[in-house]
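Visitor: Handing you this structure, nothing more for now.
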Amino acid sequence: MIALRLIIIFIFSFLLIKSSELVIISLKKISAKTKTGVFALSAIIMAIGTSLPELFLGITAALDGSPNLSLGNVIGANIANITLVAGISAAVFAKSVHIRKDYLHKDVGIALIAGIAPIILILDKSLSRVDGLVLLSVYGVYATSIFKKRYAEIAKGSEVSDYFHKILRSIPIFDGKNTKELGRLFLGIALLLFSGNIIVENAEWVAHATNIPIFLVGLIILSIGTTLPEIAFSAKSLRDHEPSMFLGNLLGSIIANSTFVIGLVAVISPIKIQAFQDYTVAASTFLLVFLLFWFFIKSKHRLDRWEAVLLLTLYIIFILLEFM
């Protein structure tokens, strides 16, 4: 039975990769038409899209009174994004990943703040509903600020009553002639979400069948399953020489996981830490690998292959520490 579950995970992993190709092609074309910018689109659309497996798992776990499963999944996914996703993508598909300087001054810092926000709020070993609302507010500020300039241009000289109507009219993909790419985009995201959800369910079954603790189920098993969309998207981005989409995907996913997903879970069911030692190791690991990743890309404005390999090595060490 376990072998069958693993085969299902493999099949849907392949579907994730193929559907990510569809999304990337659509993102490129929509970005060119709307002039919104590749980074903004990848950070917002793909961050929400690839984080929905974590979101669905979190809601289910919260309603079942087991929010620690979601907490482990989110922290594990954030660690995997910086080490496993970035490491595999950069080590296999690029000799070095060049990062534009303007992204380093703001976007990486926002991701770090978002990543450590739940860690700070949970220092008292609990995450209350108020804490959850704080995290949701942080995500709201981030999501709206990405398109602040775009909204300002559209709203200039507009009446409040027809504000949203003017937004739709100003974007060429809503003019009735260019909806094909938008349809492909939503189809690709739907396939990503469906495949990710199937992977999460089967990974969770395998974990329970092997008697792995609940926090570690989310931290290790489920986080690997839910970050498969990021691996596929990031690898394809680098193969297509789109480092902006690569970085936007990583940072956007970390922000969405740490604020929107875990914030909503806490609002539904406040979290009380049950495996504090495992949590402490995981939280410390995230801070270490994120700061190391930031140092790598800030010092030379690129991520070299040997650095990607080092990040992968740190992920393996992290897994071994959690199971010791």
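Chain labels follow the order of the structure tokens: the first chain is A, the next B, and so on; residue numbering restarts at 1 in every chain, and ligands are counted from 1 in their shown order.
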When you look at Phe286 of chain A with a cut-off of 7 Å (counting only C-alpha atoms), what residues show up, excluding the ones that are within fewer than 4 positions of it in the same chain? I need them as a list of chain:residue names.

Guide: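 Non-adjacent residues within range: A:Ile79, A:Ala282, A:Phe290.
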
Visitor: Report, in Å to a single decimal, how far apart atom CA of Ala308 of chain A and atom CA of Gly109 of chain A are.

Guide: 20.1 Å

Visitor: A:Leu251, A:Ile198, A:Ile271, A:Ile11: which is nearest Leu57 of chain A, counting only C-alpha atoms?

Guide: A:Ile198

Visitor: Counting only C-alpha atoms, what is within 9 Å of Ser66 of chain A, bar same-chain residues fewer than 4 positions away, as a ChimeraX atom specification?

Guide: /A:58,60-62,70,214,269,271

Visitor: Quick one: pull the distance between atom CA of Ala143 of chain A and atom CA of Ser258 of chain A, Å, one decimal.

Guide: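 Straight-line distance from atom CA of Ala143 of chain A to atom CA of Ser258 of chain A works out to 13.4 Å.
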
Visitor: Can you list, as number ranges by chain, all residues belonging to segment 152-323 of chain A that DSSP tags as strand (DSSP E)?

Guide: A: 271-272, 302-304

Visitor: Which value, in Å to one decimal, gives the distance between atom CA of His98 of chain A and atom CA of Arg302 of chain A?

Guide: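 For atom CA of His98 of chain A relative to atom CA of Arg302 of chain A, the distance reads 4.1 Å.
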
Visitor: Report as an NGL selection string all protein, DNA and RNA residues lying within 12 Å of Asp131 of chain A, evaluated on only C-alpha atoms, omitting residues in the same chain fewer than 6 positions from it.

Guide: :A and (117-124 or 137-138 or 258-260 or 262-271)

Visitor: Would you mind telling me which residue in A:Asn211, A:Ser237, A:Ser89, A:Thr227 lies nearest to Ile254 of chain A when using only C-alpha atoms?

Guide: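 Nearest to Ile254 of chain A: A:Thr227.
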
Visitor: Using only C-alpha atoms, which residue out of A:Phe93, A:Gly72, A:Arg100, A:Ile25 lies closest to Lys298 of chain A?

Guide: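 Checking each of A:Phe93, A:Gly72, A:Arg100, A:Ile25 against Lys298 of chain A, counting only C-alpha atoms, the winner is A:Arg100.
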
Visitor: Can you pull out every residue within 8 Å of Gly218 of chain A, counting only C-alpha atoms, but drop anything in the same chain fewer than 2 positions away, and send it as a VMD selection string?

Guide: chain A and resid 69 to 74 76 214 to 216 220 to 223
